[in-house]
file data_26.txt (compact mmCIF, C-alpha atoms)
# COMPACT_ATOMS: atom_id res chain seq x y z
CA MET S 15 0.00 0.00 0.00
CA SER S 16 1.11 3.54 -0.68
CA PRO S 17 2.76 5.34 2.26
CA PHE S 18 1.48 8.71 0.99
CA PRO S 19 -1.48 9.92 3.08
CA SER S 20 -4.45 11.89 1.84
CA SER S 21 -5.77 14.96 3.63
CA ALA S 22 -7.83 12.75 5.98
CA PRO S 23 -6.39 12.66 9.51
CA ARG S 24 -5.50 9.48 11.33
CA THR S 25 -8.50 7.93 13.05
CA GLN S 26 -8.25 8.60 16.77
CA GLN S 27 -10.92 6.19 17.97
CA TRP S 28 -12.34 3.03 16.43
CA ARG S 29 -15.97 2.28 17.31
CA HIS S 30 -16.15 -1.41 16.50
CA ILE S 31 -12.73 -2.79 17.45
CA ARG S 32 -10.13 -2.12 20.16
CA LEU S 33 -6.65 -0.99 19.15
CA THR S 34 -3.56 -0.76 21.33
CA ARG S 35 0.00 0.05 20.29
CA GLN S 36 3.30 -0.61 22.02
CA ASP S 37 6.83 -0.39 20.62
CA GLY S 38 6.00 -1.23 17.03
CA ILE S 39 3.31 -3.82 17.85
CA ALA S 40 -0.37 -3.14 17.17
CA THR S 41 -2.95 -5.35 18.87
CA VAL S 42 -6.43 -5.37 17.36
CA THR S 43 -9.06 -6.98 19.57
CA LEU S 44 -12.51 -7.96 18.38
CA ASP S 45 -14.54 -6.55 21.23
CA ARG S 46 -18.08 -7.99 21.42
CA PRO S 47 -17.54 -10.78 23.96
CA GLU S 48 -21.26 -11.04 24.71
CA LYS S 49 -21.78 -12.07 21.05
CA LEU S 50 -18.61 -14.17 20.73
CA ASN S 51 -17.16 -11.21 18.82
CA ALA S 52 -19.62 -11.62 15.95
CA LEU S 53 -18.77 -9.21 13.16
CA THR S 54 -20.99 -6.31 12.15
CA PHE S 55 -20.92 -4.11 9.06
CA GLY S 56 -19.05 -1.55 11.15
CA ALA S 57 -16.47 -4.07 12.36
CA TYR S 58 -15.64 -5.11 8.80
CA ALA S 59 -15.32 -1.46 7.73
CA ASP S 60 -13.15 -0.60 10.72
CA LEU S 61 -10.81 -3.52 10.03
CA ARG S 62 -10.52 -2.54 6.38
CA ASP S 63 -9.78 1.11 7.16
CA LEU S 64 -7.49 0.42 10.12
CA LEU S 65 -5.26 -1.92 8.11
CA ALA S 66 -4.98 0.71 5.38
CA GLU S 67 -4.01 3.39 7.91
CA LEU S 68 -1.42 1.21 9.65
CA SER S 69 0.07 0.21 6.31
CA ARG S 70 0.54 3.85 5.32
CA GLU S 71 2.09 4.85 8.64
CA ARG S 72 4.96 2.36 8.43
CA SER S 73 5.37 2.46 12.22
CA VAL S 74 3.88 -1.00 12.88
CA ARG S 75 6.28 -3.94 12.68
CA ALA S 76 3.82 -6.68 13.73
CA LEU S 77 0.10 -6.94 14.37
CA VAL S 78 -1.79 -9.30 16.69
CA LEU S 79 -5.45 -10.02 15.92
CA ALA S 80 -7.30 -11.37 18.97
CA GLY S 81 -10.79 -11.84 20.35
CA ASP S 82 -12.09 -10.85 23.77
CA GLY S 83 -14.00 -13.24 26.03
CA ARG S 84 -14.77 -16.90 25.36
CA GLY S 85 -13.73 -17.10 21.72
CA PHE S 86 -11.90 -15.53 18.80
CA CYS S 87 -14.80 -14.73 16.46
CA SER S 88 -18.08 -16.49 15.73
CA GLY S 89 -18.42 -14.98 12.24
CA GLY S 90 -20.96 -12.54 10.88
CA ASP S 91 -23.68 -11.46 13.29
CA VAL S 92 -26.87 -13.36 12.38
CA ASP S 93 -29.15 -10.41 13.13
CA ASP S 94 -26.94 -7.51 12.11
CA ILE S 95 -25.66 -9.01 8.86
CA ILE S 96 -27.57 -12.10 7.74
CA GLY S 97 -30.94 -10.61 8.58
CA ALA S 98 -30.05 -7.32 6.92
CA THR S 99 -28.69 -8.88 3.74
CA LEU S 100 -32.06 -10.54 3.05
CA ALA S 101 -33.44 -7.06 2.33
CA MET S 102 -30.55 -5.95 0.07
CA ASP S 103 -30.57 -5.85 -3.70
CA THR S 104 -27.78 -7.35 -5.81
CA ALA S 105 -25.73 -4.14 -5.99
CA GLN S 106 -25.80 -3.72 -2.21
CA LEU S 107 -24.90 -7.36 -1.67
CA LEU S 108 -21.97 -7.04 -4.06
CA ASP S 109 -20.72 -3.97 -2.18
CA PHE S 110 -20.91 -5.84 1.13
CA ASN S 111 -19.15 -8.96 -0.14
CA ARG S 112 -16.46 -6.87 -1.77
CA MET S 113 -15.87 -5.13 1.55
CA THR S 114 -15.34 -8.41 3.39
CA GLY S 115 -12.88 -9.45 0.69
CA GLN S 116 -11.06 -6.14 1.08
CA VAL S 117 -10.40 -7.00 4.72
CA VAL S 118 -8.77 -10.29 3.71
CA ARG S 119 -6.72 -8.59 0.98
CA ALA S 120 -5.58 -5.98 3.50
CA LEU S 121 -4.44 -8.71 5.91
CA ARG S 122 -2.46 -10.40 3.14
CA GLU S 123 -1.04 -7.21 1.60
CA CYS S 124 -0.17 -5.12 4.67
CA PRO S 125 3.61 -4.69 5.00
CA PHE S 126 3.91 -6.33 8.42
CA PRO S 127 3.29 -9.86 9.71
CA VAL S 128 -0.12 -10.56 11.23
CA ILE S 129 -0.56 -13.09 14.04
CA ALA S 130 -4.00 -14.44 14.90
CA ALA S 131 -4.30 -15.44 18.56
CA VAL S 132 -7.10 -18.00 18.58
CA HIS S 133 -9.00 -19.52 21.47
CA GLY S 134 -12.48 -20.94 21.38
CA ALA S 135 -14.56 -20.49 18.24
CA ALA S 136 -13.12 -19.18 14.99
CA ALA S 137 -16.18 -19.68 12.81
CA GLY S 138 -17.31 -18.48 9.40
CA ALA S 139 -15.73 -15.12 8.70
CA GLY S 140 -13.76 -15.50 11.94
CA ALA S 141 -12.08 -18.61 10.55
CA VAL S 142 -11.19 -16.74 7.36
CA LEU S 143 -9.71 -13.81 9.29
CA ALA S 144 -7.46 -16.27 11.11
CA LEU S 145 -6.66 -18.01 7.83
CA ALA S 146 -5.60 -14.71 6.25
CA ALA S 147 -3.07 -14.05 9.03
CA ASP S 148 0.57 -14.99 8.51
CA PHE S 149 0.66 -16.99 11.75
CA ARG S 150 -2.11 -18.72 13.68
CA VAL S 151 -1.25 -19.26 17.34
CA ALA S 152 -3.95 -21.26 19.09
CA ASP S 153 -4.65 -23.00 22.37
CA PRO S 154 -6.37 -26.39 22.76
CA THR S 155 -9.84 -24.81 23.02
CA ALA S 156 -9.60 -23.45 19.47
CA ARG S 157 -11.92 -24.81 16.82
CA PHE S 158 -12.11 -23.62 13.24
CA SER S 159 -15.38 -23.88 11.30
CA PHE S 160 -15.90 -22.64 7.75
CA LEU S 161 -19.68 -22.50 8.03
CA PHE S 162 -20.72 -20.89 4.75
CA THR S 163 -22.41 -23.93 3.21
CA LYS S 164 -24.32 -24.38 6.48
CA VAL S 165 -26.23 -21.17 5.67
CA GLY S 166 -26.70 -22.03 2.00
CA LEU S 167 -23.77 -20.08 0.60
CA SER S 168 -20.58 -21.06 -1.19
CA GLY S 169 -17.73 -22.26 0.98
CA GLY S 170 -15.46 -20.04 -1.10
CA ASP S 171 -16.21 -16.84 0.80
CA MET S 172 -13.77 -13.99 1.45
CA GLY S 173 -10.99 -15.76 -0.43
CA ALA S 174 -11.26 -19.01 1.56
CA ALA S 175 -11.21 -21.18 -1.59
CA TYR S 176 -7.97 -19.46 -2.61
CA LEU S 177 -6.18 -19.42 0.75
CA LEU S 178 -7.21 -22.65 2.44
CA PRO S 179 -5.92 -25.12 -0.21
CA ARG S 180 -2.60 -23.31 -0.13
CA VAL S 181 -2.37 -23.75 3.65
CA VAL S 182 -3.74 -27.28 4.18
CA GLY S 183 -3.92 -28.77 0.67
CA LEU S 184 -6.85 -29.27 -1.69
CA GLY S 185 -8.18 -32.45 -0.03
CA HIS S 186 -8.47 -30.99 3.45
CA ALA S 187 -9.75 -27.67 2.08
CA THR S 188 -12.49 -29.42 0.11
CA ARG S 189 -13.65 -31.25 3.23
CA LEU S 190 -13.59 -28.17 5.44
CA LEU S 191 -15.31 -25.84 2.97
CA MET S 192 -17.90 -28.35 1.70
CA LEU S 193 -18.98 -29.84 5.03
CA GLY S 194 -18.43 -26.88 7.34
CA GLU S 195 -17.58 -29.21 10.21
CA PRO S 196 -15.47 -27.90 13.12
CA VAL S 197 -11.77 -28.67 13.20
CA ARG S 198 -10.41 -28.80 16.73
CA ALA S 199 -6.96 -27.65 17.67
CA ALA S 200 -5.18 -31.02 17.54
CA GLU S 201 -6.37 -31.77 14.02
CA ALA S 202 -5.82 -28.19 12.92
CA GLU S 203 -2.19 -28.51 13.99
CA ARG S 204 -1.86 -31.87 12.21
CA ILE S 205 -3.07 -30.52 8.85
CA GLY S 206 -1.03 -27.31 9.11
CA LEU S 207 -3.84 -24.85 9.85
CA ILE S 208 -2.20 -23.86 13.15
CA SER S 209 1.32 -22.42 13.24
CA GLU S 210 1.78 -22.96 16.99
CA LEU S 211 -0.31 -24.85 19.55
CA THR S 212 0.04 -23.49 23.08
CA GLU S 213 -1.08 -24.56 26.52
CA GLU S 214 -4.67 -23.63 27.35
CA GLY S 215 -5.09 -19.92 27.96
CA GLN S 216 -1.66 -19.08 26.57
CA ALA S 217 -2.47 -18.16 22.96
CA ASP S 218 -2.52 -14.41 23.58
CA LYS S 219 0.82 -14.48 25.40
CA ALA S 220 2.45 -16.67 22.76
CA ALA S 221 1.14 -14.39 20.01
CA ALA S 222 2.48 -11.35 21.84
CA ASP S 223 5.88 -13.02 22.26
CA LEU S 224 6.00 -13.87 18.56
CA ALA S 225 4.98 -10.32 17.68
CA ARG S 226 7.81 -8.99 19.86
CA ARG S 227 10.31 -11.29 18.14
CA LEU S 228 9.12 -10.14 14.71
CA ALA S 229 8.97 -6.46 15.67
CA ASP S 230 12.55 -6.59 16.96
CA GLY S 231 13.76 -8.11 13.70
CA PRO S 232 14.48 -6.67 10.22
CA ALA S 233 11.09 -5.18 9.34
CA LEU S 234 11.84 -4.54 5.67
CA ALA S 235 13.06 -8.10 5.18
CA HIS S 236 9.87 -9.40 6.82
CA ALA S 237 7.71 -7.14 4.66
CA GLN S 238 9.37 -8.29 1.46
CA THR S 239 9.22 -11.94 2.48
CA LYS S 240 5.47 -11.60 3.07
CA ALA S 241 5.02 -9.81 -0.24
CA LEU S 242 6.89 -12.53 -2.13
CA LEU S 243 4.98 -15.34 -0.41
CA THR S 244 1.73 -13.77 -1.58
CA ALA S 245 2.85 -12.70 -5.05
CA GLU S 246 4.55 -15.98 -5.97
CA LEU S 247 1.60 -18.25 -5.15
CA ASP S 248 0.51 -18.10 -8.78
CA MET S 249 3.79 -17.39 -10.56
CA PRO S 250 5.81 -19.75 -12.73
CA LEU S 251 9.28 -20.56 -11.40
CA ALA S 252 11.08 -18.32 -13.90
CA ALA S 253 9.07 -15.27 -12.82
CA SER S 254 9.51 -16.15 -9.15
CA VAL S 255 13.28 -16.41 -9.23
CA GLU S 256 13.51 -13.16 -11.20
CA LEU S 257 11.34 -11.39 -8.62
CA ASP S 258 13.48 -12.90 -5.85
CA ALA S 259 16.63 -11.63 -7.55
CA ALA S 260 15.27 -8.09 -7.91
CA THR S 261 14.09 -8.04 -4.31
CA GLN S 262 17.41 -9.28 -2.94
CA ALA S 263 19.33 -6.73 -5.00
CA LEU S 264 17.25 -3.94 -3.47
CA LEU S 265 17.66 -5.28 0.08
CA MET S 266 21.40 -5.77 -0.39
CA ASN S 267 21.58 -2.04 -0.98
CA GLY S 268 19.75 -1.33 2.28
CA GLU S 269 20.94 -0.34 5.73
CA ASP S 270 19.96 -3.57 7.47
CA TYR S 271 22.13 -5.72 5.22
CA ALA S 272 25.16 -3.53 5.96
CA GLU S 273 24.22 -3.51 9.65
CA PHE S 274 24.27 -7.30 9.77
CA HIS S 275 27.80 -7.36 8.39
CA ALA S 276 28.95 -4.69 10.85
CA ALA S 277 27.33 -6.50 13.78
CA PHE S 278 28.85 -9.83 12.72
CA THR S 279 32.28 -8.26 12.41
CA GLU S 280 31.98 -6.53 15.78
CA LYS S 281 30.50 -9.64 17.45
CA ARG S 282 27.29 -7.93 18.62
CA ALA S 283 23.57 -8.18 17.91
CA PRO S 284 22.31 -6.24 14.86
CA ASN S 285 20.46 -2.98 15.44
CA TRP S 286 17.77 -3.40 12.78
CA GLN S 287 16.34 -0.18 11.34
CA GLY S 288 13.87 -1.58 8.83
CA ARG S 289 15.57 0.25 5.98
call {"tool": "encode", "arguments": {"input": "data_26.txt", "output": "structure tokens"}}
result
Amino acid sequence: MSPFPSSAPRTQQWRHIRLTRQDGIATVTLDRPEKLNALTFGAYADLRDLLAELSRERSVRALVLAGDGRGFCSGGDVDDIIGATLAMDTAQLLDFNRMTGQVVRALRECPFPVIAAVHGAAAGAGAVLALAADFRVADPTARFSFLFTKVGLSGGDMGAAYLLPRVVGLGHATRLLMLGEPVRAAEAERIGLISELTEEGQADKAAADLARRLADGPALAHAQTKALLTAELDMPLAASVELDAATQALLMNGEDYAEFHAAFTEKRAPNWQGR
């Protein structure tokens, strides 16, 4: 995303999500615990706009996405979204579905790693938000459910049919998206849906520790690695290695590459600048 801001000021308060910042780490908490953090139209819009703002600022080096209360996210709110969409015409429905997809694109395209801290339910859109993160840190209570066919819709919602086969393989993705059955933490780890399985109640702490490790590292190298992982999913090998070569040439001309050599020579830890 472009780092050049428009005349609009930075948003000072988000109505539908909770944002905290500390030393290069942003933590975004879905904050409707009484509804298992079910998403509303406003929550989707806030996530979309927040990710765009953070991407332009270039001050965030890692982002944690978490849910308050008993679970991560139970998906779209049945009353606020499903009930309302029954009264929408095709143009309005297309606008809404494009917005949800924009959130997933923003998670994949933002220039910092995103860590989903999952406990309890990650269902429907909540499962896709976790899927779109770069890391999924979960405790044994976590269960992932791609519920779209359960409500009569395609399992390929919000990019799930693109992302899930690339994470767990086509066979597992077909089963999860067709049947909509819950996948508990142990199986999710076995098929590669979870990056790290923690002790119960420790997902938030483990996600914060990982975010700290990433934020203290070479931010530009992380950003370019994420960009290449996304861009090269559909590239032939020749295009991929050429893009790798161009990226490495640019990074080799950066400050962090020189800093590594200086730190190695002086037998000290690198002081990464993200440039």
call {"tool": "closest_residue", "arguments": {"input": "data_26.txt", "among": "S:Arg72, S:Arg189, S:Arg198, S:Lys281", "to": "Cys124 (chain S)", "atoms": "all atoms listed in the file"}}
result
S:Arg72
call {"tool": "closest_atom_pairs", "arguments": {"input": "data_26.txt", "of": "region 178-212 of chain S", "to": "region 149-161 of chain S", "cutoff": "7 Å", "atoms": "all atoms listed in the file", "output": "Markdown table"}}
result
| residue | atom | partner | partner_atom | distance |
| --- | --- | --- | --- | --- |
| S:Leu190 | CA | S:Phe160 | CA | 6.4 |
| S:Leu191 | CA | S:Phe160 | CA | 5.8 |
| S:Gly194 | CA | S:Leu161 | CA | 4.6 |
| S:Glu195 | CA | S:Ser159 | CA | 5.9 |
| S:Pro196 | CA | S:Ser159 | CA | 4.4 |
| S:Val197 | CA | S:Phe158 | CA | 5.1 |
| S:Arg198 | CA | S:Arg157 | CA | 4.3 |
| S:Ala199 | CA | S:Pro154 | CA | 5.3 |
| S:Ile208 | CA | S:Arg150 | CA | 5.2 |
| S:Ser209 | CA | S:Arg150 | CA | 5.1 |
| S:Glu210 | CA | S:Val151 | CA | 4.8 |
| S:Leu211 | CA | S:Ala152 | CA | 5.1 |
| S:Thr212 | CA | S:Asp153 | CA | 4.8 |
call {"tool": "closest_residue", "arguments": {"input": "data_26.txt", "among": "S:Ala144, S:Val132, S:Leu50, S:Ala59", "to": "Asp109 (chain S)", "atoms": "all atoms listed in the file"}}
result
S:Ala59
call {"tool": "closest_residue", "arguments": {"input": "data_26.txt", "among": "S:Glu67, S:Asp270, S:Asp82, S:Asp60", "to": "Ala131 (chain S)", "atoms": "all atoms listed in the file"}}
result
S:Asp82
call {"tool": "atom_distance", "arguments": {"input": "data_26.txt", "atom1": "CA of Pro125 (chain S)", "atom2": "CA of Arg62 (chain S)"}}
result
14.4 Å
call {"tool": "closest_residue", "arguments": {"input": "data_26.txt", "among": "S:Gly268, S:Pro250, S:Gly183, S:Gly38", "to": "Pro127 (chain S)", "atoms": "all atoms listed in the file"}}
result
S:Gly38
call {"tool": "atom_distance", "arguments": {"input": "data_26.txt", "atom1": "CA of Gly169 (chain S)", "atom2": "CA of Gly138 (chain S)"}}
result
9.2 Å
call {"tool": "closest_residue", "arguments": {"input": "data_26.txt", "among": "S:Leu77, S:Leu224, S:Leu234, S:Ala146", "to": "Thr34 (chain S)", "atoms": "only C-alpha atoms"}}
result
S:Leu77
call {"tool": "closest_residue", "arguments": {"input": "data_26.txt", "among": "S:Leu177, S:Leu143, S:Ile129, S:Leu100", "to": "Asp248 (chain S)", "atoms": "all atoms listed in the file"}}
result
S:Leu177
call {"tool": "atom_distance", "arguments": {"input": "data_26.txt", "atom1": "CA of Ala76 (chain S)", "atom2": "CA of Ala174 (chain S)"}}
result
23.0 Å
call {"tool": "residues_around", "arguments": {"input": "data_26.txt", "residues": "Arg32 (chain S)", "least_positions_apart": "3", "cutoff": "9 Å", "atoms": "only C-alpha atoms", "output": "MDAnalysis selection string"}}
result
chainID S and resid 27:29 41:45
call {"tool": "closest_atom_pairs", "arguments": {"input": "data_26.txt", "of": "region 154-258 of chain S", "to": "region 95-99 of chain S", "cutoff": "12 Å", "atoms": "all atoms listed in the file", "output": "JSON lines"}}
result
{"residue": "S:Phe162", "atom": "CA", "partner": "S:Ile96", "partner_atom": "CA", "distance": 11.5}
{"residue": "S:Val165", "atom": "CA", "partner": "S:Ile96", "partner_atom": "CA", "distance": 9.4}
{"residue": "S:Gly166", "atom": "CA", "partner": "S:Ile96", "partner_atom": "CA", "distance": 11.5}
{"residue": "S:Leu167", "atom": "CA", "partner": "S:Ile96", "partner_atom": "CA", "distance": 11.4}
call {"tool": "write_last_selection", "arguments": {"input": "data_26.txt", "atoms": "C-alpha atoms", "output": "PDB file, in the frame of the given file"}}
result
ATOM      1  CA  PHE S 162     -20.720 -20.890   4.750  1.00  0.00           C
ATOM      2  CA  VAL S 165     -26.230 -21.170   5.670  1.00  0.00           C
ATOM      3  CA  GLY S 166     -26.700 -22.030   2.000  1.00  0.00           C
ATOM      4  CA  LEU S 167     -23.770 -20.080   0.600  1.00  0.00           C
TER       5      LEU S 167
END
call {"tool": "residues_around", "arguments": {"input": "data_26.txt", "residues": "Gly85 (chain S)", "least_positions_apart": "3", "cutoff": "6 Å", "atoms": "all atoms listed in the file", "output": "short mmCIF file (atom, residue, chain, number, x, y, z; two decimals) with C-alpha atoms, keeping the file's coordinate frame"}}
result
data_model
loop_
_atom_site.label_atom_id
_atom_site.label_comp_id
_atom_site.auth_asym_id
_atom_site.auth_seq_id
_atom_site.Cartn_x
_atom_site.Cartn_y
_atom_site.Cartn_z
CA LEU S 50 -18.61 -14.17 20.73
CA HIS S 133 -9.00 -19.52 21.47
CA GLY S 134 -12.48 -20.94 21.38
CA ALA S 135 -14.56 -20.49 18.24
#
